[in-house]
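Novice: Just one file: work-v9.cif, with mmCIF, C-alpha atoms and all ligand atoms.
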data_structure
#
loop_
_atom_site.label_atom_id
_atom_site.label_comp_id
_atom_site.auth_asym_id
_atom_site.auth_seq_id
_atom_site.Cartn_x
_atom_site.Cartn_y
_atom_site.Cartn_z
CA MET A 1 21.90 64.45 67.67
CA SER A 2 23.28 62.70 70.63
CA ASN A 3 20.85 61.99 73.36
CA LYS A 4 21.82 63.41 76.74
CA LEU A 5 19.60 60.93 78.52
CA ASN A 6 21.44 58.18 76.75
CA ILE A 7 24.78 59.60 77.86
CA LEU A 8 23.53 59.76 81.43
CA LYS A 9 22.32 56.17 81.19
CA TYR A 10 25.75 55.00 80.04
CA TYR A 11 27.48 57.20 82.59
CA LEU A 12 25.53 55.49 85.37
CA LEU A 13 26.12 52.08 83.83
CA PHE A 14 29.90 52.49 83.60
CA ARG A 15 30.25 54.36 86.86
CA TYR A 16 28.47 51.80 88.98
CA ARG A 17 29.23 48.58 87.18
CA LYS A 18 31.80 46.96 89.41
CA PHE A 19 33.83 43.83 89.00
CA TYR A 20 34.93 42.08 92.15
CA SER A 21 36.76 39.10 90.72
CA ALA A 22 38.57 38.00 87.59
CA ARG A 23 36.01 35.22 87.25
CA GLN A 24 33.11 37.64 87.24
CA LEU A 25 34.87 39.74 84.59
CA LYS A 26 35.54 36.69 82.44
CA PHE A 27 31.91 35.61 82.62
CA PHE A 28 30.76 39.13 81.74
CA GLN A 29 33.12 39.37 78.77
CA LYS A 30 31.98 36.02 77.46
CA ARG A 31 28.37 37.13 77.53
CA MET A 32 29.17 40.44 75.81
CA ILE A 33 31.28 38.74 73.12
CA ASN A 34 28.53 36.22 72.35
CA ARG A 35 25.93 38.93 72.09
CA HIS A 36 28.19 41.06 69.91
CA LEU A 37 29.17 38.21 67.60
CA SER A 38 25.58 37.33 66.89
CA PHE A 39 24.99 40.97 65.84
CA VAL A 40 28.17 41.18 63.76
CA THR A 41 27.80 37.85 61.95
CA GLU A 42 24.23 38.84 61.11
CA ASN A 43 25.09 42.32 59.79
CA SER A 44 28.65 42.28 58.48
CA PRO A 45 29.11 40.47 55.13
CA PHE A 46 32.77 39.76 56.02
CA TYR A 47 31.85 37.97 59.23
CA HIS A 48 28.64 36.34 58.01
CA ARG A 49 30.36 33.01 57.32
CA PHE A 50 31.33 32.79 61.01
CA MET A 51 27.80 32.71 62.30
CA GLY A 52 27.51 30.50 65.36
CA LYS A 53 31.30 30.19 65.70
CA MET A 54 33.37 31.00 68.78
CA LEU A 55 35.58 34.09 68.83
CA GLU A 56 38.74 31.94 68.62
CA SER A 57 37.74 30.66 65.18
CA LEU A 58 37.48 34.16 63.71
CA PRO A 59 40.53 35.51 61.86
CA ILE A 60 43.04 37.81 63.50
CA ILE A 61 43.14 40.96 61.38
CA ASP A 62 45.29 44.11 61.20
CA LYS A 63 44.95 47.58 59.77
CA LYS A 64 45.66 46.45 56.22
CA ILE A 65 43.03 43.69 56.29
CA MET A 66 40.58 46.10 57.92
CA MET A 67 41.10 48.71 55.19
CA ASP A 68 41.21 46.20 52.30
CA ASN A 69 37.89 44.75 53.44
CA PHE A 70 36.36 47.98 54.71
CA ASP A 71 33.23 47.78 52.54
CA ILE A 72 32.28 44.31 53.68
CA ILE A 73 33.39 44.56 57.31
CA ASN A 74 31.23 47.56 58.21
CA THR A 75 27.60 46.92 59.05
CA VAL A 76 26.23 50.18 57.65
CA ARG A 77 27.02 49.68 53.95
CA ILE A 78 29.44 52.56 53.62
CA ASN A 79 31.94 52.45 50.83
CA LYS A 80 35.60 53.15 51.64
CA ASP A 81 36.33 55.64 48.84
CA GLU A 82 33.22 57.59 49.64
CA ALA A 83 34.04 57.62 53.36
CA MET A 84 37.66 58.60 52.74
CA GLU A 85 36.71 61.47 50.45
CA PHE A 86 34.15 62.65 52.95
CA ALA A 87 36.58 62.49 55.90
CA VAL A 88 39.37 64.27 54.03
CA ASN A 89 37.01 67.04 52.90
CA SER A 90 35.63 67.56 56.39
CA GLU A 91 39.10 67.76 57.83
CA ARG A 92 40.32 70.14 55.14
CA LYS A 93 37.41 72.48 55.75
CA ARG A 94 37.83 72.06 59.51
CA SER A 95 34.12 71.44 59.61
CA PHE A 96 33.09 68.44 61.56
CA SER A 97 29.39 68.48 62.08
CA PRO A 98 28.24 66.87 58.83
CA LYS A 99 27.79 63.15 58.86
CA LEU A 100 27.70 60.60 56.11
CA HIS A 101 24.42 58.68 56.09
CA ASN A 102 24.06 59.62 59.76
CA ILE A 103 27.41 58.09 60.68
CA THR A 104 30.42 59.99 61.99
CA VAL A 105 33.44 59.37 59.77
CA GLY A 106 36.90 60.18 61.06
CA LEU A 107 40.43 59.91 59.77
CA SER A 108 42.73 57.97 62.01
CA SER A 109 45.65 60.00 63.21
CA GLY A 110 48.23 57.37 62.39
CA THR A 111 51.22 58.07 60.23
CA SER A 112 50.30 59.39 56.81
CA HIS A 113 51.45 56.39 54.79
CA SER A 114 48.88 54.18 56.46
CA ARG A 115 45.87 56.41 56.72
CA GLY A 116 42.78 54.76 58.09
CA ILE A 117 39.19 55.78 58.58
CA PHE A 118 36.70 54.94 61.25
CA LEU A 119 32.94 54.92 61.49
CA VAL A 120 30.96 55.61 64.62
CA GLU A 121 27.22 55.65 65.23
CA ASP A 122 25.39 58.04 67.54
CA SER A 123 24.64 55.34 70.09
CA GLU A 124 28.34 54.44 70.21
CA LYS A 125 29.21 58.10 70.75
CA ASP A 126 26.82 58.29 73.67
CA LYS A 127 28.46 55.22 75.15
CA TRP A 128 31.92 56.69 74.62
CA ALA A 129 30.88 59.96 76.24
CA GLY A 130 29.29 58.15 79.18
CA PHE A 131 32.37 56.02 79.58
CA VAL A 132 34.82 58.94 79.62
CA LEU A 133 32.64 60.89 82.05
CA ALA A 134 32.37 57.87 84.35
CA LYS A 135 36.14 57.43 84.39
CA PHE A 136 37.20 61.01 85.00
CA LEU A 137 34.49 63.21 86.55
CA GLU A 138 35.58 62.71 90.11
CA ARG A 139 32.93 64.97 91.61
CA GLY A 140 30.11 63.13 89.87
CA ILE A 141 28.06 64.14 86.88
CA THR A 142 25.93 66.73 88.68
CA ALA A 143 28.88 69.01 89.48
CA LYS A 144 29.88 71.73 87.03
CA TYR A 145 32.95 71.28 84.89
CA ASN A 146 34.78 73.32 82.30
CA VAL A 147 36.65 71.00 80.03
CA ALA A 148 39.34 72.31 77.67
CA PHE A 149 39.88 69.89 74.84
CA PHE A 150 42.94 70.22 72.59
CA MET A 151 42.77 68.07 69.53
CA ARG A 152 43.65 67.92 65.90
CA ALA A 153 40.12 67.83 64.62
CA ASN A 154 36.86 68.81 66.19
CA SER A 155 35.26 65.50 65.47
CA ASN A 156 31.67 65.64 66.59
CA LEU A 157 32.48 62.52 68.57
CA TYR A 158 33.64 64.80 71.33
CA GLU A 159 31.03 67.52 71.13
CA SER A 160 28.43 65.08 72.28
CA VAL A 161 29.62 65.49 75.84
CA GLY A 162 28.51 69.12 76.10
CA SER A 163 25.61 69.82 78.49
CA SER A 164 24.50 72.64 80.77
CA ASP A 165 26.77 71.49 83.58
CA ILE A 166 29.66 70.32 81.48
CA ARG A 167 31.08 72.96 79.18
CA PHE A 168 33.42 71.81 76.48
CA GLU A 169 35.74 74.28 74.85
CA PHE A 170 37.55 73.03 71.82
CA PHE A 171 41.11 74.11 70.95
CA ASP A 172 42.40 73.22 67.54
CA ILE A 173 46.08 72.35 67.85
CA TYR A 174 46.68 73.69 64.34
CA ALA A 175 45.40 77.12 65.34
CA ASP A 176 47.66 79.91 66.54
CA LEU A 177 49.25 78.91 69.84
CA GLU A 178 49.13 82.33 71.52
CA ASN A 179 45.50 82.66 70.57
CA ASN A 180 44.76 79.27 72.13
CA ILE A 181 46.64 80.24 75.29
CA ASP A 182 44.64 83.50 75.58
CA ARG A 183 41.40 81.58 75.29
CA LEU A 184 42.59 79.02 77.81
CA ARG A 185 43.43 81.81 80.25
CA SER A 186 39.87 83.11 80.23
CA PHE A 187 38.16 79.72 80.07
CA ASN A 188 39.02 78.67 83.62
CA ALA A 189 39.34 74.97 82.83
CA ASP A 190 38.77 72.37 85.55
CA ILE A 191 39.87 69.63 83.22
CA ILE A 192 42.42 69.87 80.43
CA VAL A 193 42.55 67.16 77.83
CA ALA A 194 45.44 67.28 75.37
CA GLN A 195 48.25 65.31 73.83
CA PRO A 196 51.51 65.27 75.82
CA SER A 197 53.30 67.57 73.36
CA MET A 198 50.65 70.26 73.96
CA LEU A 199 50.57 69.65 77.72
CA LEU A 200 54.35 70.13 77.76
CA ILE A 201 54.00 73.48 76.00
CA LEU A 202 51.46 74.55 78.63
CA ALA A 203 53.70 73.25 81.42
CA ARG A 204 56.59 75.39 80.19
CA LYS A 205 54.37 78.46 80.02
CA ILE A 206 53.25 77.82 83.59
CA GLU A 207 56.77 77.28 84.86
CA SER A 208 58.02 80.44 83.21
CA GLY A 209 55.19 82.41 84.82
CA ARG A 210 53.50 83.23 81.51
CA LEU A 211 50.39 81.19 82.21
CA SER A 212 48.45 80.78 85.42
CA ILE A 213 45.86 78.01 85.36
CA HIS A 214 44.79 75.52 88.01
CA PRO A 215 43.02 72.53 86.49
CA GLU A 216 42.04 69.80 88.96
CA THR A 217 42.49 67.09 86.34
CA VAL A 218 44.87 66.83 83.43
CA ILE A 219 44.29 64.07 80.92
CA SER A 220 46.86 63.04 78.36
CA ILE A 221 45.51 61.56 75.14
CA ALA A 222 46.55 60.38 71.67
CA GLU A 223 50.29 59.93 72.21
CA VAL A 224 52.22 57.81 74.63
CA LEU A 225 53.08 59.81 77.74
CA GLU A 226 56.72 59.15 78.56
CA LYS A 227 57.58 58.81 82.25
CA GLU A 228 59.92 61.77 82.29
CA ASP A 229 57.33 63.98 80.56
CA GLU A 230 54.80 62.85 83.14
CA GLN A 231 57.10 64.14 85.90
CA ILE A 232 57.40 67.53 84.21
CA LEU A 233 53.61 67.78 83.96
CA LYS A 234 53.04 66.77 87.58
CA ARG A 235 55.44 69.44 88.74
CA ALA A 236 54.08 72.21 86.52
CA PHE A 237 50.40 71.54 87.20
CA GLY A 238 50.99 70.68 90.86
CA LEU A 239 49.12 67.38 90.56
CA ASP A 240 49.89 63.93 92.00
CA VAL A 241 48.43 62.12 89.02
CA ILE A 242 48.39 62.92 85.32
CA HIS A 243 45.57 60.89 83.85
CA GLN A 244 45.90 59.09 80.57
CA VAL A 245 43.59 57.70 77.97
CA TYR A 246 45.34 55.21 75.77
CA GLN A 247 43.15 55.28 72.77
CA CYS A 248 43.56 54.46 69.17
CA THR A 249 41.16 54.51 66.28
CA GLU A 250 40.26 50.98 67.12
CA GLY A 251 39.02 51.75 70.59
CA CYS A 252 39.56 53.17 74.03
CA LEU A 253 41.98 50.59 75.37
CA ALA A 254 43.16 51.80 78.75
CA THR A 255 42.59 54.59 81.23
CA THR A 256 44.28 55.54 84.46
CA CYS A 257 42.79 54.77 87.86
CA ARG A 258 42.97 57.11 90.85
CA CYS A 259 46.50 55.85 91.56
CA GLY A 260 47.59 56.91 88.09
CA THR A 261 48.09 53.32 86.87
CA LEU A 262 46.88 52.49 83.39
CA HIS A 263 44.38 49.64 83.37
CA LEU A 264 43.02 47.95 80.27
CA ASN A 265 39.35 48.83 79.79
CA GLU A 266 38.30 45.22 79.97
CA ASP A 267 34.68 46.20 80.53
CA ILE A 268 34.43 47.43 76.94
CA VAL A 269 37.19 45.56 75.12
CA TYR A 270 38.36 41.98 75.30
CA ILE A 271 42.11 41.78 74.88
CA GLU A 272 44.05 38.71 73.84
CA LYS A 273 47.72 39.02 74.67
CA GLU A 274 50.40 37.85 72.29
CA TYR A 275 53.38 37.68 74.63
CA ILE A 276 56.80 38.55 73.26
CA ASP A 277 58.51 38.01 76.57
CA LYS A 278 57.47 37.55 80.20
CA ARG A 279 55.53 40.78 80.58
CA ARG A 280 55.58 42.45 77.17
CA PHE A 281 52.70 41.72 74.86
CA ILE A 282 50.99 42.85 71.67
CA PRO A 283 47.25 43.32 72.18
CA ILE A 284 44.66 41.72 69.94
CA ILE A 285 41.44 43.55 70.62
CA THR A 286 37.77 42.77 70.34
CA ASP A 287 35.60 45.76 71.12
CA PHE A 288 32.12 44.68 72.10
CA GLU A 289 30.66 48.16 71.86
CA ARG A 290 31.54 48.99 68.26
CA THR A 291 28.73 48.18 65.86
CA ALA A 292 29.09 50.36 62.70
CA GLN A 293 32.66 49.21 62.11
CA PRO A 294 33.23 46.07 64.14
CA VAL A 295 36.68 45.60 65.68
CA ILE A 296 37.12 41.87 66.13
CA ARG A 297 40.47 40.22 66.93
CA TYR A 298 42.29 43.26 65.63
CA LYS A 299 46.03 43.13 66.20
CA LEU A 300 47.63 46.42 67.10
CA ASN A 301 51.29 47.14 66.61
CA ASP A 302 51.83 48.60 70.06
CA VAL A 303 53.84 46.81 72.69
CA LEU A 304 52.35 46.94 76.19
CA VAL A 305 54.11 45.99 79.39
CA GLU A 306 52.17 44.41 82.24
CA ARG A 307 52.76 45.66 85.76
CA GLU A 308 54.66 43.26 87.90
CA TYR A 309 52.67 43.94 91.05
CA GLU A 310 48.96 44.52 91.55
CA CYS A 311 47.77 48.09 91.61
CA PRO A 312 46.71 49.30 95.08
CA CYS A 313 43.35 50.48 93.65
CA GLY A 314 42.21 46.85 93.64
CA SER A 315 40.88 46.83 90.06
CA VAL A 316 40.62 43.42 88.43
CA PHE A 317 41.48 44.96 85.07
CA THR A 318 45.02 44.25 83.84
CA ALA A 319 47.38 46.90 85.15
CA LEU A 320 50.06 48.20 82.80
CA GLU A 321 53.54 49.29 83.67
CA ARG A 322 53.71 51.33 80.51
CA ILE A 323 52.98 51.47 76.82
CA GLU A 324 56.27 50.75 75.24
CA GLY A 325 55.37 52.17 71.89
CA ARG A 326 54.78 50.83 68.50
CA GLU A 327 56.25 47.50 67.61
CA ASP A 328 57.27 49.29 64.41
CA ASP A 329 59.54 51.51 66.47
CA VAL A 330 61.81 48.73 67.57
CA PHE A 331 65.32 49.57 66.32
CA VAL A 332 67.14 46.92 64.34
CA PHE A 333 70.93 46.73 64.31
CA ASN A 334 73.48 44.44 62.72
CA GLY A 335 74.69 42.09 65.41
CA THR A 336 78.36 41.33 65.93
CA ASP A 337 77.52 37.72 64.97
CA GLY A 338 75.96 38.87 61.69
CA LYS A 339 72.36 38.40 62.86
CA ALA A 340 69.83 41.21 63.33
CA VAL A 341 69.51 42.58 66.88
CA LYS A 342 66.20 44.13 67.90
CA VAL A 343 66.26 46.82 70.57
CA PHE A 344 63.09 48.08 72.24
CA PRO A 345 62.38 51.85 72.19
CA ASP A 346 62.75 51.90 75.96
CA PHE A 347 66.47 51.11 75.75
CA ILE A 348 66.99 53.76 73.10
CA ARG A 349 65.17 56.33 75.22
CA ARG A 350 67.42 55.55 78.18
CA CYS A 351 70.52 56.54 76.20
CA ILE A 352 69.15 60.08 76.31
CA LEU A 353 67.77 59.98 79.83
CA PHE A 354 70.98 58.70 81.36
CA ALA A 355 73.03 61.36 79.57
CA GLY A 356 71.42 64.31 81.30
CA ASP A 357 68.30 66.36 81.91
CA ILE A 358 67.07 66.61 78.33
CA SER A 359 63.39 67.46 78.05
CA ASP A 360 62.96 67.64 74.30
CA TYR A 361 64.41 65.08 71.98
CA ARG A 362 63.63 62.71 69.16
CA ILE A 363 65.65 59.72 68.06
CA VAL A 364 65.03 58.32 64.60
CA GLN A 365 66.52 55.25 63.03
CA ARG A 366 66.72 56.00 59.34
CA SER A 367 65.86 53.47 56.66
CA ASP A 368 69.62 52.89 56.07
CA GLY A 369 70.03 52.00 59.77
CA GLY A 370 71.80 55.21 60.82
CA ILE A 371 70.60 57.18 63.80
CA ASP A 372 69.48 60.82 63.83
CA ILE A 373 69.24 62.51 67.22
CA PHE A 374 67.32 65.76 67.50
CA CYS A 375 68.04 67.75 70.66
CA ASP A 376 69.52 71.08 71.71
CA VAL A 377 72.41 70.17 73.98
CA SER A 378 76.07 71.01 74.54
CA SER A 379 78.86 69.01 72.90
CA LEU A 380 79.62 67.51 76.31
CA ILE A 381 76.10 66.04 76.54
CA LYS A 382 76.35 64.85 72.93
CA GLU A 383 79.48 62.96 73.91
CA LYS A 384 77.62 61.44 76.89
CA ILE A 385 74.75 60.32 74.66
CA SER A 386 77.23 58.73 72.26
CA GLU A 387 78.85 56.96 75.20
CA GLU A 388 75.44 55.57 76.30
CA PHE A 389 74.89 54.24 72.79
CA ARG A 390 78.36 52.65 72.78
CA GLN A 391 77.54 50.98 76.08
CA LEU A 392 74.20 49.74 74.73
CA SER A 393 75.82 48.31 71.62
CA ALA A 394 78.34 46.46 73.81
CA ASP A 395 75.56 45.11 76.09
CA LYS A 396 73.41 43.95 73.20
CA SER A 397 76.28 42.92 70.91
CA PHE A 398 75.50 45.01 67.86
CA LEU A 399 77.58 47.24 65.61
CA LEU A 400 76.84 50.85 66.43
CA PRO A 401 75.93 52.84 63.31
CA GLU A 402 76.86 56.49 62.85
CA LEU A 403 75.04 58.92 65.17
CA ARG A 404 74.12 62.30 63.71
CA PHE A 405 73.00 65.20 65.86
CA TYR A 406 70.54 67.89 64.74
CA PRO A 407 68.71 70.76 66.45
CA TYR A 408 65.41 69.68 68.00
CA SER A 409 62.34 69.98 65.82
CA CYS A 410 58.91 68.49 65.82
CA GLU A 411 56.41 69.24 63.12
CA LYS A 412 53.32 71.02 64.45
CA GLY A 413 50.27 68.83 64.69
CA ARG A 414 52.29 65.72 64.04
CA LYS A 415 52.17 62.94 66.58
CA LEU A 416 55.09 63.20 68.93
CA ARG A 417 57.09 60.01 68.74
CA ARG A 418 60.29 60.42 70.66
CA VAL A 419 61.67 57.14 69.41
CA GLU A 420 60.85 56.29 65.84
CA SER A 421 62.09 53.74 63.39
CA GLN A 422 61.87 54.32 59.68
CA ARG A 423 63.69 51.11 58.99
CA LYS A 424 61.63 48.42 57.34
CA THR A 425 62.38 44.93 58.52
ZN ZN B 1 44.77 50.96 89.69
#
As structure tokens, how would this structure be written, given the file I've shared?
Specialist:
Amino acid sequence: MSNKLNILKYYLLFRYRKFYSARQLKFFQKRMINRHLSFVTENSPFYHRFMGKMLESLPIIDKKIMMDNFDIINTVRINKDEAMEFAVNSERKRSFSPKLHNITVGLSSGTSHSRGIFLVEDSEKDKWAGFVLAKFLERGITAKYNVAFFMRANSNLYESVGSSDIRFEFFDIYADLENNIDRLRSFNADIIVAQPSMLLILARKIESGRLSIHPETVISIAEVLEKEDEQILKRAFGLDVIHQVYQCTEGCLATTCRCGTLHLNEDIVYIEKEYIDKRRFIPIITDFERTAQPVIRYKLNDVLVEREYECPCGSVFTALERIEGREDDVFVFNGTDGKAVKVFPDFIRRCILFAGDISDYRIVQRSDGGIDIFCDVSSLIKEKISEEFRQLSADKSFLLPELRFYPYSCEKGRKLRRVESQRKT
């Protein structure tokens, strides 16, 4: 059982721990990293050989290395096959309270060909809960809140936040939509937490007059919230800011401030930046709160873009312009000079945005390099989209492959990736 007192303790810690300068933050991170490394090198067989070493001398790892060495990286002696079987069974039965050796085991919601698992201890869950509450409960923890949580699995990670003043209602995104909407109508949610694809469904219901709800806070999780989708949500919910939690299995990396800017959560993760140009970087994360399954110098495949100007909120945490998407989703074309040309998802997205007001779309580069565009638009708009692509290919000097148009579709429960590359480079 999670300990409510513990959650409150962490809530107070995160809420009132302030950083006034970059120097103070750096000093704090250094202390946390040192403390964490002495725990990890003591308890994780994989990291044991690095005892007494600085963070920089530890290896940079990725999902594959993490999964290949799962048994020796974790500090709680859980075997990967056992954990995987347990997680799959729990998810299949839609039953999420049982734990394996007192540890919560979850399946990562990545794409199916690279399924991962994660382990979380009770104390880490309390910290997570305290952290989320500190970031988003604007009226303080003593006020009453109804929180509607849409997610793909009722991991008991999230249930730990329930208390007498904070009511959590869980909505399974695989369940019947109309049923969920009926429940949402009667729940009177102050806070709605859901992935953008679900928030967009709610927004359309609101705009068409079929749903009347007035949450004070809307938090987007799990998928990247595209700018244009953010605008739709602001308008439908009548809010100035749509909050975001940029979280992956490996940790809670960034959250929005009161201005709506995403800031890296540098009070719980240390992030090394591998720059790919002036402001774009790939994060390498070290989470100094994760103990059961340490996350040390773990390289993600997302591309983040730093904000050019400081955020008016005054936070010393790195401000982000946006999350560009997975590095995997960079499109690769044959250049006119015979070399490969890489194009960031952002440019691909613009070909749709510039062509007209298109709210639902997906663009996929197939493994053979061709492009499939899923959207419900007139032939005139299709021609405009094609023209944008022709312009892009001229700007970037690549040979434009065939574009194929299909009606819009997005598999239920699947992560919404508007721009996706299936091409392996
Ligand atoms: Zn800010």
Novice: Using only C-alpha atoms and all ligand atoms, which residues of the polymer chains come no farther than 7 Å from ligand ZN 1 (chain B)? I'd like the answer as number ranges by chain.
Specialist: A: 256-263, 311-315, 319
Novice: Produce a table with one row for each residue of stretch 295-388 of chain A that has an atom at most 8 Å from any atom of stretch 55-77 of chain A, each row naming the nearest atom pair and its distance in Å at one decimal; use all atoms listed in the file; arrange rows by chain and rising residue number; format as JSON lines.
Specialist:
{"residue": "A:Ile296", "atom": "CA", "partner": "A:Ile60", "partner_atom": "CA", "distance": 7.6}
{"residue": "A:Arg297", "atom": "CA", "partner": "A:Ile60", "partner_atom": "CA", "distance": 4.9}
{"residue": "A:Tyr298", "atom": "CA", "partner": "A:Ile61", "partner_atom": "CA", "distance": 4.9}
{"residue": "A:Lys299", "atom": "CA", "partner": "A:Asp62", "partner_atom": "CA", "distance": 5.1}
{"residue": "A:Leu300", "atom": "CA", "partner": "A:Asp62", "partner_atom": "CA", "distance": 6.8}
Novice: Closest to A:Phe333 among A:Glu402, A:Asp165, A:Asp346, A:Glu274, using only C-alpha atoms?
Specialist: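 For A:Phe333, the nearest of the given residues is A:Glu402.
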Novice: Have a look at atom CA of A:Ser44 and atom CA of A:Ile103 and let me know their distance in Å, one decimal.
Specialist: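 Separating atom CA of A:Ser44 from atom CA of A:Ile103 is a distance of 16.0 Å.
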Novice: Of the candidates A:Ser21, A:Ser220, A:Thr291, A:Ser208, which shows the shortest atom-to-atom distance to A:His36, using all atoms listed in the file?
Specialist: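 Selected residue with least distance to A:His36: A:Thr291.
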Novice: Interatomic distance between atom CA of A:Thr336 and atom CA of A:Glu383?
Specialist: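 These atoms are spaced 23.1 Å apart.
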Novice: Could you tell me how far atom CA of A:Asn146 lies from atom CA of A:Ile221, in Å and to one decimal?
Specialist: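 Straight-line distance from atom CA of A:Asn146 to atom CA of A:Ile221 works out to 17.5 Å.
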Novice: Please provide the set of residues having any atom within 7 Å of A:Phe168, restricted to all atoms listed in the file, with same-chain residues fewer than 5 positions apart removed, written as a VMD selection string.
Specialist: chain A and resid 146 to 149 162
Novice: For each of A:Leu239, A:Ala175, A:Ile371, A:Leu304, take the minimum atom-to-atom distance to A:Ile271, counting only C-alpha atoms, then give the residue where this is smallest.
Specialist: A:Leu304
Novice: With distances taken over only C-alpha atoms, which residue among A:Asp190, A:Lys127, A:Glu310, A:Val88 lies nearest A:Ile268?
Specialist: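 Ranked by minimum distance to A:Ile268, first place goes to A:Lys127.
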